[in-house]
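Student: Sending over entry_25.txt (compact mmCIF, C-alpha atoms).
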# COMPACT_ATOMS: atom_id res chain seq x y z
CA MET Y 1 -7.87 10.13 32.67
CA ILE Y 2 -10.38 10.74 29.91
CA GLY Y 3 -13.05 8.40 31.20
CA GLU Y 4 -16.18 7.39 29.36
CA GLY Y 5 -15.43 9.29 26.19
CA PHE Y 6 -12.11 7.55 25.72
CA ALA Y 7 -13.30 5.15 23.02
CA ALA Y 8 -14.68 8.00 20.90
CA VAL Y 9 -11.52 10.06 21.33
CA LEU Y 10 -9.30 7.12 20.45
CA GLY Y 11 -11.41 6.26 17.42
CA ALA Y 12 -11.28 9.81 16.15
CA ALA Y 13 -7.52 9.94 16.63
CA GLN Y 14 -7.17 6.70 14.69
CA GLN Y 15 -9.27 8.22 11.89
CA GLY Y 16 -6.99 11.23 11.63
CA SER Y 17 -8.45 13.85 13.98
CA GLU Y 18 -5.65 16.03 15.28
CA ALA Y 19 -7.87 17.43 18.01
CA ALA Y 20 -8.54 13.93 19.31
CA PHE Y 21 -4.87 13.04 19.23
CA SER Y 22 -4.07 16.29 20.99
CA ARG Y 23 -6.46 15.33 23.76
CA LEU Y 24 -4.82 11.94 24.12
CA TRP Y 25 -1.42 13.60 24.22
CA ARG Y 26 -2.45 16.23 26.79
CA ASP Y 27 -3.90 13.53 28.96
CA GLY Y 28 -0.92 11.20 28.76
CA ASN Y 29 2.15 13.36 28.40
CA PRO Y 30 2.31 14.89 31.90
CA ALA Y 31 2.00 11.48 33.53
CA LEU Y 32 4.61 10.05 31.19
CA LEU Y 33 7.03 12.86 31.99
CA ARG Y 34 6.58 12.42 35.73
CA TYR Y 35 7.22 8.71 35.43
CA VAL Y 36 10.27 9.03 33.19
CA ARG Y 37 11.73 11.83 35.30
CA VAL Y 38 12.06 9.24 38.04
CA VAL Y 39 13.25 6.21 36.08
CA ALA Y 40 15.48 8.10 33.58
CA PRO Y 41 15.83 11.66 34.84
CA GLU Y 42 18.68 12.78 32.57
CA VAL Y 43 16.94 11.88 29.32
CA ALA Y 44 13.32 12.21 30.32
CA GLU Y 45 12.26 14.58 27.55
CA ASP Y 46 13.99 12.53 24.85
CA VAL Y 47 12.48 9.30 26.11
CA VAL Y 48 8.99 10.77 26.17
CA ALA Y 49 9.37 12.22 22.67
CA GLU Y 50 10.49 8.85 21.30
CA THR Y 51 7.64 7.19 23.12
CA TRP Y 52 5.10 9.35 21.31
CA LEU Y 53 6.78 8.70 17.99
CA GLN Y 54 6.37 4.99 18.52
CA VAL Y 55 2.81 5.42 19.73
CA VAL Y 56 1.93 7.42 16.62
CA ARG Y 57 3.29 4.62 14.42
CA GLY Y 58 1.19 2.00 16.13
CA LEU Y 59 -1.88 4.10 16.84
CA ALA Y 60 -3.98 2.72 13.99
CA ASP Y 61 -3.51 -0.86 15.16
CA PHE Y 62 -4.18 -0.27 18.83
CA ARG Y 63 -7.25 -1.96 20.29
CA GLY Y 64 -8.32 -1.70 23.88
CA ASP Y 65 -9.81 0.44 26.62
CA GLU Y 66 -8.24 3.32 28.49
CA GLN Y 67 -6.48 1.03 30.94
CA ALA Y 68 -4.86 -0.85 28.06
CA TRP Y 69 -3.98 2.44 26.37
CA ARG Y 70 -2.16 3.74 29.43
CA ALA Y 71 -0.47 0.40 29.93
CA TRP Y 72 0.77 0.60 26.34
CA LEU Y 73 2.01 4.15 26.80
CA PHE Y 74 3.97 3.38 29.93
CA THR Y 75 5.29 0.08 28.63
CA THR Y 76 6.64 1.89 25.59
CA ALA Y 77 8.17 4.61 27.74
CA ARG Y 78 9.77 2.06 30.03
CA ARG Y 79 11.37 0.23 27.12
CA ARG Y 80 12.69 3.47 25.66
CA ALA Y 81 14.13 4.40 29.04
CA ILE Y 82 15.83 1.01 29.30
CA ASP Y 83 17.29 1.47 25.81
CA TYR Y 84 18.66 4.87 26.82
CA GLY Y 85 20.17 3.35 29.96
CA ARG Y 86 21.92 0.65 27.91
CA ARG Y 87 23.28 3.18 25.46
CA ARG Y 88 24.57 5.33 28.27
CA ALA Y 89 26.18 2.31 29.93
CA ARG Y 90 28.13 1.55 26.73
CA ARG Y 91 29.67 5.02 26.67
CA PRO Y 92 32.95 5.44 28.55
CA ALA Y 93 32.40 7.41 31.72
CA GLY Y 94 35.03 9.80 33.00
CA ALA Y 95 35.94 10.16 36.62
CA LEU Y 96 34.11 12.88 38.48
CA ASP Y 97 37.40 14.30 39.93
CA GLU Y 98 38.37 15.32 36.37
CA VAL Y 99 35.22 17.40 35.93
CA PRO Y 100 35.47 21.03 37.08
CA PRO Y 101 33.17 21.76 40.06
CA GLY Y 102 31.29 24.38 38.09
CA LEU Y 103 30.17 21.79 35.53
CA LEU Y 104 28.92 19.27 38.03
CA PRO Y 105 25.13 18.96 38.17
CA VAL Y 106 23.55 20.53 41.17
CA THR Y 107 20.64 18.48 42.46
CA PRO Y 108 18.48 20.14 45.09
CA ASP Y 109 17.76 18.07 48.12
CA ALA Y 110 14.38 16.39 47.81
CA ALA Y 111 13.42 17.19 51.39
CA ASP Y 112 14.33 20.85 50.89
CA LEU Y 113 12.10 20.95 47.85
CA ALA Y 114 9.27 19.34 49.79
CA ILE Y 115 9.65 21.88 52.55
CA GLU Y 116 9.82 24.79 50.17
CA ARG Y 117 6.84 23.93 47.99
CA MET Y 118 4.96 20.73 47.60
CA GLY Y 119 4.54 21.01 43.89
CA THR Y 120 4.46 18.24 41.36
CA ARG Y 121 8.14 18.46 40.55
CA SER Y 122 9.00 18.41 44.20
CA ALA Y 123 6.93 15.30 44.69
CA VAL Y 124 8.62 13.66 41.71
CA ALA Y 125 12.02 14.57 43.11
CA LEU Y 126 11.04 13.14 46.47
CA LEU Y 127 9.98 9.88 44.85
CA ALA Y 128 13.27 9.74 42.98
CA GLY Y 129 14.94 9.32 46.34
CA LEU Y 130 13.28 5.93 46.77
CA PRO Y 131 14.76 2.70 45.48
CA THR Y 132 14.00 2.46 41.77
CA THR Y 133 11.59 -0.44 41.93
CA GLN Y 134 9.56 1.10 44.73
CA ALA Y 135 9.41 4.49 43.05
CA GLU Y 136 8.48 2.95 39.70
CA VAL Y 137 5.71 0.84 41.16
CA ILE Y 138 4.22 3.77 43.07
CA LEU Y 139 4.29 5.97 39.97
CA LEU Y 140 2.68 3.34 37.81
CA ARG Y 141 -0.05 2.76 40.36
CA VAL Y 142 -0.73 6.39 41.21
CA VAL Y 143 0.34 8.50 38.21
CA ALA Y 144 -0.45 6.07 35.43
CA GLY Y 145 -3.53 4.76 37.22
CA LEU Y 146 -2.77 1.10 36.48
CA ASP Y 147 -3.97 -1.72 38.69
CA THR Y 148 -1.63 -4.11 40.47
CA GLU Y 149 -1.89 -6.89 37.90
CA THR Y 150 -1.10 -4.58 35.00
CA VAL Y 151 1.85 -3.08 36.82
CA ALA Y 152 3.09 -6.57 37.62
CA GLN Y 153 3.01 -7.50 33.95
CA LEU Y 154 4.68 -4.26 32.99
CA VAL Y 155 7.64 -4.58 35.35
CA GLY Y 156 7.89 -8.36 35.06
CA ARG Y 157 7.13 -9.22 38.68
CA SER Y 158 4.35 -10.98 40.51
CA PRO Y 159 1.38 -8.97 41.80
CA GLY Y 160 2.41 -9.80 45.37
CA ALA Y 161 5.88 -8.42 44.81
CA VAL Y 162 4.37 -5.29 43.34
CA ARG Y 163 2.16 -4.77 46.39
CA VAL Y 164 5.07 -5.25 48.74
CA ALA Y 165 7.27 -2.83 46.81
CA ALA Y 166 4.54 -0.18 46.73
CA HIS Y 167 3.80 -0.40 50.43
CA ARG Y 168 7.47 -0.34 51.35
CA GLY Y 169 7.97 2.67 49.15
CA LEU Y 170 5.12 4.55 50.80
CA ARG Y 171 6.46 3.74 54.27
CA ARG Y 172 9.91 4.88 53.22
CA LEU Y 173 8.39 8.07 51.86
CA ALA Y 174 6.68 8.74 55.16
CA GLU Y 175 9.97 8.20 56.99
CA MET Y 176 11.75 10.63 54.68
CA LEU Y 177 9.12 13.28 55.30
CA ALA Y 178 9.29 12.73 59.06
CA GLU Y 179 13.09 13.02 59.01
CA ALA Y 180 12.86 16.25 57.03
CA GLY Y 181 10.26 17.61 59.45
CA VAL Y 182 7.74 18.34 56.76
CA THR Y 183 4.40 19.39 58.12
CA LEU Y 184 1.52 19.97 55.77
CA MET I 1 9.19 -32.17 53.04
CA PRO I 2 6.99 -29.98 50.82
CA ASN I 3 7.67 -26.31 50.80
CA PHE I 4 4.38 -24.40 51.08
CA PRO I 5 4.41 -20.84 49.83
CA TRP I 6 2.93 -19.26 52.97
CA PRO I 7 3.36 -15.49 53.06
CA SER I 8 5.94 -14.50 55.56
CA ARG I 9 5.02 -12.49 58.62
CA ARG I 10 7.12 -9.57 57.38
CA VAL I 11 5.31 -9.33 54.03
CA ALA I 12 1.98 -9.56 55.77
CA SER I 13 2.93 -6.69 58.03
CA VAL I 14 4.01 -4.56 55.07
CA THR I 15 0.88 -5.08 53.02
CA GLY I 16 -1.53 -5.23 55.88
CA ASP I 17 -1.84 -1.49 56.41
CA PRO I 18 -5.23 -0.40 55.03
CA SER I 19 -4.16 3.21 54.72
CA LEU I 20 -1.38 2.23 52.32
CA ALA I 21 -3.78 0.23 50.21
CA ALA I 22 -6.20 3.15 50.21
CA LEU I 23 -3.42 5.50 49.15
CA LEU I 24 -2.53 3.33 46.21
CA ALA I 25 -6.12 2.70 45.21
CA TRP I 26 -6.72 6.44 45.50
CA ALA I 27 -10.27 5.81 46.50
CA GLN I 28 -11.19 6.30 50.14
CA PHE I 29 -8.38 7.67 52.21
CA PRO I 30 -9.12 6.81 55.84
CA GLN I 31 -9.67 9.88 57.97
CA ASN I 32 -8.14 8.24 61.00
CA ALA I 33 -4.83 7.53 59.28
CA ALA I 34 -1.56 8.43 60.90
CA PRO I 35 -0.25 11.97 60.26
CA GLU I 36 2.79 10.71 58.29
CA MET I 37 0.45 8.85 56.02
CA ARG I 38 -1.50 12.04 55.48
CA ARG I 39 1.70 13.70 54.29
CA VAL I 40 2.30 10.84 51.91
CA GLY I 41 -1.22 11.30 50.66
CA GLU I 42 -0.49 14.94 49.92
CA ILE I 43 2.58 13.98 47.92
CA LEU I 44 0.63 11.49 45.88
CA ALA I 45 -2.00 14.18 45.29
CA ALA I 46 0.74 16.44 43.98
CA LEU I 47 1.86 13.65 41.64
CA THR I 48 -1.57 13.52 40.06
CA ALA I 49 -2.09 17.28 39.85
CA GLY I 50 -2.89 19.04 36.62
CA PRO I 51 -0.22 19.55 33.98
CA ALA I 52 2.39 22.22 34.48
CA ASP I 53 3.45 24.46 31.60
CA ASP I 54 6.70 22.63 30.98
CA GLU I 55 4.84 19.36 30.67
CA LEU I 56 2.97 20.50 27.57
CA THR I 57 5.86 21.89 25.55
CA GLY I 58 6.26 18.95 23.20
CA GLU I 59 2.76 19.02 21.78
CA THR I 60 3.76 20.68 18.52
CA ALA I 61 6.37 18.05 17.76
CA ALA I 62 3.98 15.26 18.65
CA LEU I 63 1.30 16.68 16.37
CA ALA I 64 3.81 17.01 13.54
CA ALA I 65 4.73 13.36 13.97
CA TYR I 66 1.04 12.50 14.01
CA ARG I 67 0.46 14.38 10.75
CA ASN I 68 3.39 12.68 9.03
CA ARG I 69 2.73 9.21 10.32
CA PRO I 70 3.24 6.50 7.68
CA GLY I 71 0.38 4.96 5.81
CA VAL I 72 -1.95 7.95 6.02
CA PRO I 73 -2.84 9.84 2.82
CA ARG I 74 -2.67 13.60 2.88
CA PRO I 75 -6.31 14.60 3.35
CA VAL I 76 -6.84 17.75 1.27
CA ARG I 77 -4.03 18.24 -1.18
CA GLY I 78 -4.06 14.66 -2.40
CA ALA I 79 -7.80 14.73 -3.04
CA ARG I 80 -7.53 17.90 -5.11
CA ARG I 81 -4.74 16.42 -7.14
CA ARG I 82 -6.77 13.32 -7.84
CA ARG I 83 -9.70 15.42 -8.99
CA ARG I 84 -7.58 17.42 -11.40
CA ARG I 85 -6.23 14.40 -13.26
CA PRO I 86 -9.04 11.96 -13.80
CA LEU I 87 -7.73 10.60 -17.14
CA PHE I 88 -4.91 8.12 -17.41
CA PRO I 89 -3.78 8.45 -13.83
CA ALA I 90 -1.45 5.50 -14.18
CA LEU I 91 0.30 6.72 -17.31
CA SER I 92 3.62 8.28 -16.83
CA ALA I 93 4.88 11.06 -19.08
CA LYS I 94 7.06 8.69 -21.07
CA ALA I 95 4.26 6.25 -21.69
CA ALA I 96 1.95 9.07 -22.78
CA ALA I 97 4.58 10.37 -25.21
CA ALA I 98 5.06 6.88 -26.66
CA VAL I 99 1.32 6.45 -27.17
CA ALA I 100 1.06 9.85 -28.85
CA ALA I 101 3.96 9.05 -31.17
CA ALA I 102 2.38 5.73 -32.12
CA VAL I 103 -0.94 7.36 -32.90
CA LEU I 104 0.71 10.03 -35.05
CA GLY I 105 2.75 7.43 -36.91
CA PHE I 106 -0.30 5.33 -37.65
CA ALA I 107 -2.19 8.39 -38.88
CA ALA I 108 0.67 9.31 -41.23
CA LEU I 109 0.79 5.75 -42.55
CA ALA I 110 -2.93 5.77 -43.17
CA ALA I 111 -2.73 9.08 -45.03
CA ALA I 112 0.07 7.74 -47.19
CA ALA I 113 -1.92 4.61 -47.88
CA TYR I 114 -4.95 6.56 -49.01
CA THR I 115 -2.81 8.66 -51.33
CA GLY I 116 -1.30 5.45 -52.77
CA VAL I 117 2.33 6.34 -52.40
CA LEU I 118 3.33 3.33 -50.36
CA PRO I 119 5.31 0.42 -51.82
CA ALA I 120 3.13 -2.24 -53.34
CA PRO I 121 3.29 -4.84 -50.52
CA VAL I 122 2.58 -2.24 -47.89
CA GLN I 123 -0.16 -0.76 -49.97
CA ARG I 124 -1.76 -4.19 -50.37
CA LEU I 125 -1.61 -4.65 -46.62
CA ALA I 126 -3.17 -1.24 -46.06
CA HIS I 127 -5.86 -2.16 -48.56
CA VAL I 128 -6.69 -5.30 -46.63
CA ILE I 129 -6.59 -3.68 -43.20
CA ILE I 130 -8.03 -0.21 -43.60
CA GLY I 131 -9.57 -0.32 -47.04
CA ALA I 132 -7.05 1.92 -48.76
CA PRO I 133 -6.81 1.79 -52.55
CA THR I 134 -4.85 -1.10 -53.98
CA ALA I 135 -1.38 -0.80 -55.36
CA ARG I 136 -1.05 0.59 -58.84
CA GLY I 137 -1.27 -1.96 -61.60
CA GLU I 138 -3.49 -4.36 -59.67
CA LEU I 139 -7.02 -5.28 -60.48
CA THR I 140 -9.51 -3.01 -58.80
CA THR I 141 -12.87 -4.42 -59.75
CA GLY I 142 -14.59 -4.57 -56.46
CA SER I 143 -15.76 -7.97 -55.30
CA SER I 144 -14.35 -9.93 -58.19
CA GLN I 145 -10.77 -9.13 -57.38
CA VAL I 146 -8.23 -11.85 -57.51
CA SER I 147 -7.60 -13.16 -54.10
CA PRO I 148 -4.15 -14.31 -53.08
CA ASN I 149 -5.02 -17.98 -53.53
CA GLY I 150 -6.11 -17.42 -57.08
CA ALA I 151 -9.76 -18.29 -56.65
CA THR I 152 -12.29 -16.04 -58.10
CA GLY I 153 -14.46 -14.23 -55.69
CA GLY I 154 -17.72 -15.04 -57.30
CA ASN I 155 -20.90 -15.53 -55.37
CA GLY I 156 -21.64 -19.00 -56.59
CA ALA I 157 -23.14 -18.19 -59.93
CA SER I 158 -20.32 -20.00 -61.59
CA GLY I 159 -20.93 -23.16 -59.61
CA GLY I 160 -17.97 -22.97 -57.27
CA ASN I 161 -17.79 -21.84 -53.69
CA GLY I 162 -15.12 -19.33 -54.43
CA ALA I 163 -12.47 -20.88 -52.33
CA SER I 164 -11.90 -24.51 -53.10
CA GLY I 165 -13.42 -24.78 -56.49
CA ARG I 166 -15.83 -27.43 -55.29
CA PRO I 167 -19.15 -27.60 -57.01
CA THR I 168 -21.91 -26.30 -54.86
CA GLY I 169 -24.44 -28.64 -56.20
CA ALA I 170 -26.13 -26.44 -58.66
CA SER I 171 -27.61 -28.61 -61.26
CA PRO I 172 -27.38 -27.85 -64.88
CA THR I 173 -31.00 -26.97 -64.73
CA GLY I 174 -30.45 -24.52 -61.96
CA ARG I 175 -32.10 -26.70 -59.32
CA ALA I 176 -30.45 -28.24 -56.38
CA HIS I 177 -30.65 -31.94 -55.72
CA PRO I 178 -30.32 -32.56 -52.04
CA SER I 179 -31.00 -36.31 -52.28
CA PRO I 180 -27.93 -38.03 -53.51
CA THR I 181 -27.88 -41.48 -54.82
CA PRO I 182 -27.09 -44.34 -52.37
CA ARG I 183 -24.15 -45.35 -54.43
CA ALA I 184 -22.44 -42.08 -54.13
CA THR I 185 -18.90 -42.36 -52.87
CA GLY I 186 -18.35 -38.85 -51.83
CA GLN I 187 -17.02 -37.81 -55.17
CA PRO I 188 -19.26 -35.81 -57.28
CA SER I 189 -20.77 -37.89 -59.94
CA THR I 190 -21.14 -35.92 -63.07
CA GLN I 191 -21.47 -38.59 -65.68
CA SER I 192 -24.80 -39.68 -66.82
CA THR I 193 -25.57 -43.34 -66.66
CA PRO I 194 -28.11 -45.03 -68.79
CA GLN I 195 -30.26 -45.53 -65.71
CA ASP I 196 -30.31 -42.09 -64.42
CA SER I 197 -32.32 -39.22 -65.50
CA GLY I 198 -29.46 -37.51 -67.12
CA GLN I 199 -29.06 -34.99 -64.42
CA PRO I 200 -25.60 -34.92 -63.06
CA SER I 201 -25.37 -35.32 -59.31
CA THR I 202 -22.72 -33.19 -57.80
CA GLN I 203 -23.69 -33.52 -54.15
CA PRO I 204 -21.64 -35.69 -51.86
CA THR I 205 -23.52 -38.32 -50.00
CA PRO I 206 -23.96 -38.58 -46.22
CA GLN I 207 -21.53 -41.47 -46.32
CA ASP I 208 -18.98 -39.08 -47.56
CA SER I 209 -15.55 -39.80 -46.30
CA GLY I 210 -15.05 -36.19 -45.44
CA THR I 211 -12.14 -35.74 -47.75
CA PRO I 212 -13.46 -34.02 -50.73
CA THR I 213 -11.53 -34.72 -53.86
CA PRO I 214 -12.79 -32.38 -56.49
CA THR I 215 -11.20 -34.14 -59.37
CA HIS I 216 -13.28 -32.48 -61.95
CA SER I 217 -13.97 -29.19 -60.40
CA LYS I 218 -12.12 -26.03 -60.91
CA GLY I 219 -14.84 -23.72 -59.98
CA LYS I 220 -16.97 -24.78 -62.88
CA PRO I 221 -19.35 -27.64 -63.29
CA THR I 222 -18.12 -30.25 -65.62
CA THR I 223 -21.46 -30.68 -67.28
CA HIS I 224 -22.97 -27.93 -69.21
CA PRO I 225 -26.55 -27.06 -68.56
CA THR I 226 -28.91 -27.76 -71.22
CA PRO I 227 -31.84 -25.60 -72.01
CA HIS I 228 -34.17 -28.52 -71.43
CA GLY I 229 -32.97 -30.47 -68.51
CA SER I 230 -35.77 -33.02 -68.56
CA GLY I 231 -33.52 -36.01 -69.11
CA LYS I 232 -34.70 -36.61 -72.64
CA PRO I 233 -32.40 -36.06 -75.50
CA THR I 234 -33.31 -33.11 -77.53
CA SER I 235 -32.60 -34.83 -80.72
CA HIS I 236 -32.72 -38.38 -81.81
CA PRO I 237 -29.51 -40.06 -82.42
CA THR I 238 -28.56 -40.40 -85.91
CA PRO I 239 -26.95 -43.47 -87.23
CA HIS I 240 -23.26 -43.29 -87.78
CA GLN I 241 -22.37 -42.92 -91.23
If you took the structure in this file and wrote it as structure tokens, what would it be?
Tutor:
Amino acid sequence: MIGEGFAAVLGAAQQGSEAAFSRLWRDGNPALLRYVRVVAPEVAEDVVAETWLQVVRGLADFRGDEQAWRAWLFTTARRRAIDYGRRRARRPAGALDEVPPGLLPVTPDAADLAIERMGTRSAVALLAGLPTTQAEVILLRVVAGLDTETVAQLVGRSPGAVRVAAHRGLRRLAEMLAEAGVTL
Amino acid sequence: MPNFPWPSRRVASVTGDPSLAALLAWAQFPQNAAPEMRRVGEILAALTAGPADDELTGETAALAAYRNRPGVPRPVRGARRRRRRPLFPALSAKAAAAVAAAVLGFAALAAAAYTGVLPAPVQRLAHVIIGAPTARGELTTGSSQVSPNGATGGNGASGGNGASGRPTGASPTGRAHPSPTPRATGQPSTQSTPQDSGQPSTQPTPQDSGTPTPTHSKGKPTTHPTPHGSGKPTSHPTPHQ
């Protein structure tokens, strides 16, 4: 989060300052990647790149504070991720038995990652083991820093449903860690 | 029976944990929280950690997109280009060539007109427009040249106005008479009556119909001035023989 200087940074970026835009990008891109790596893990980098392209196109017309800015960023990323999911669903999928075992993706177990090193990627992988709605809500609340009402608008649910999904996700996360025997 | 939207006991139990709310609000994590919640807190802390190296790899592409975003003029190169070409910025090369050709053609025409080698109609036109010499064989006497309508270009000394041949009111004695007679009908009266003073009145009256009919005028007064315009005959009539 940029904080109090956000308005000045945003204004400079809208006027053409590359340094200001770079600051916005450095502040927003890691959070965007962590979010998209959960909701669209296979195309996360592409989705985030397209998100910034769209943000650049609409940057001059954006009005709002930092909360609105982050809400816009993540709303754009979510829509791009949904578009990618639709495109992927239209493609014919082959059966996994026809794919040689060497070409199959190897996904490390989330609990193993958590035991090995509790880094950011490990935490993202652990969250990816949650149901999608719960993981998405937790990421939007914690990583994006959005309040419950904004998250509710973003995902198209009521604020109460968002609270319930977030709390259930956190409980489920605690259960996963207890099952894996992770001690910090 | 109305259906009241009371929260169910299960939802209340899920959202009632203050440690979960504190985790999500990321404000004051309770110190007396359960150990599993502490582990969850550590995971959420890892989610909000500083950027890793692989999370900042796309900055160059994003900056390139930012530089090339639509609707933004190029800051330096465009300004220099504008400064170098301050004249006729909207003229294309074709338009500039057409203008140059037109200017050259007009200059050649003017030179030919001043040397008098143009055909007579064109030369006359050049004479009227740019003051070139008249065509050969035409009258070149300055202000008294014959105009196309045939009127002489005099300045009124001959009694006409130079255009319509109407008398300008100059009396034979050289004095103007601005007070016409009440009986004037708009036509210049040039005949002397026994009652008048012998001075011909050529001025139209205020009751003039507005349609001048210069029946007697062709640029000259119909009455000749006399050396003594006093209204008295200069010589006594002689009896007819």
Student: Mind giving me the straight-line distance from atom CA of Y:Ser122 to atom CA of I:Ile43 in Å, one decimal?
Tutor: 8.6 Å
Student: Nearest to chain I: which of Y:Gly3, Y:Gly16, Y:Gly85, Y:Gly156 is it, counting only C-alpha atoms?
Tutor: Y:Gly16
Student: Counting only C-alpha atoms, which residues of chain I come no farther than 8 Å from chain Y, as a ChimeraX atom specification?
Tutor: /I:11,14-15,20-21,24-26,36-37,39-40,42-44,46-49,51-52,55-56,58-59,62-63,65-67,69-70
Student: Provide the atom CA of Y:Gly5 to atom CA of Y:Trp72 distance in Å, to one decimal place.
Tutor: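 Pair atom CA of Y:Gly5 / atom CA of Y:Trp72 returns 18.4 Å.
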Student: So what do you get for atom CA of Y:Met1 versus atom CA of Y:Asp65, distance-wise?
Tutor: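 Distance between the two atoms: 11.6 Å.
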Student: Around (1.7, -2.6, -55.4) in the file's own coordinates, what residues are found within 6 Å if you use only C-alpha atoms, given back as a list in words?
Tutor: Pro119, Ala120, Pro121, Ala135 and Arg136 of chain I
Student: What would stretch 97-109 of chain I look like with N, CA and C atoms in place, written as a short mmCIF file (atom, residue, chain, number, x, y, z; two decimals), in the frame of the given file?
Tutor:
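Below is the file that was written, part.cif:
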data_model
loop_
_atom_site.label_atom_id
_atom_site.label_comp_id
_atom_site.auth_asym_id
_atom_site.auth_seq_id
_atom_site.Cartn_x
_atom_site.Cartn_y
_atom_site.Cartn_z
N ALA I 97 3.88 9.92 -24.01
CA ALA I 97 4.58 10.37 -25.21
C ALA I 97 4.70 9.23 -26.22
N ALA I 98 4.95 8.02 -25.75
CA ALA I 98 5.06 6.88 -26.66
C ALA I 98 3.73 6.60 -27.35
N VAL I 99 2.64 6.69 -26.59
CA VAL I 99 1.32 6.45 -27.17
C VAL I 99 1.01 7.52 -28.21
N ALA I 100 1.33 8.77 -27.90
CA ALA I 100 1.06 9.85 -28.85
C ALA I 100 1.87 9.67 -30.13
N ALA I 101 3.12 9.27 -30.00
CA ALA I 101 3.96 9.05 -31.17
C ALA I 101 3.41 7.91 -32.02
N ALA I 102 2.93 6.86 -31.37
CA ALA I 102 2.38 5.73 -32.12
C ALA I 102 1.13 6.14 -32.87
N VAL I 103 0.29 6.92 -32.24
CA VAL I 103 -0.94 7.36 -32.90
C VAL I 103 -0.62 8.24 -34.10
N LEU I 104 0.33 9.15 -33.94
CA LEU I 104 0.71 10.03 -35.05
C LEU I 104 1.31 9.23 -36.21
N GLY I 105 2.14 8.26 -35.88
CA GLY I 105 2.75 7.43 -36.91
C GLY I 105 1.71 6.64 -37.69
N PHE I 106 0.74 6.09 -36.97
CA PHE I 106 -0.30 5.33 -37.65
C PHE I 106 -1.14 6.24 -38.54
N ALA I 107 -1.41 7.46 -38.07
CA ALA I 107 -2.19 8.39 -38.88
C ALA I 107 -1.44 8.77 -40.15
N ALA I 108 -0.12 8.97 -40.04
CA ALA I 108 0.67 9.31 -41.23
C ALA I 108 0.69 8.14 -42.21
N LEU I 109 0.79 6.93 -41.70
CA LEU I 109 0.79 5.75 -42.55
C LEU I 109 -0.55 5.62 -43.28
#
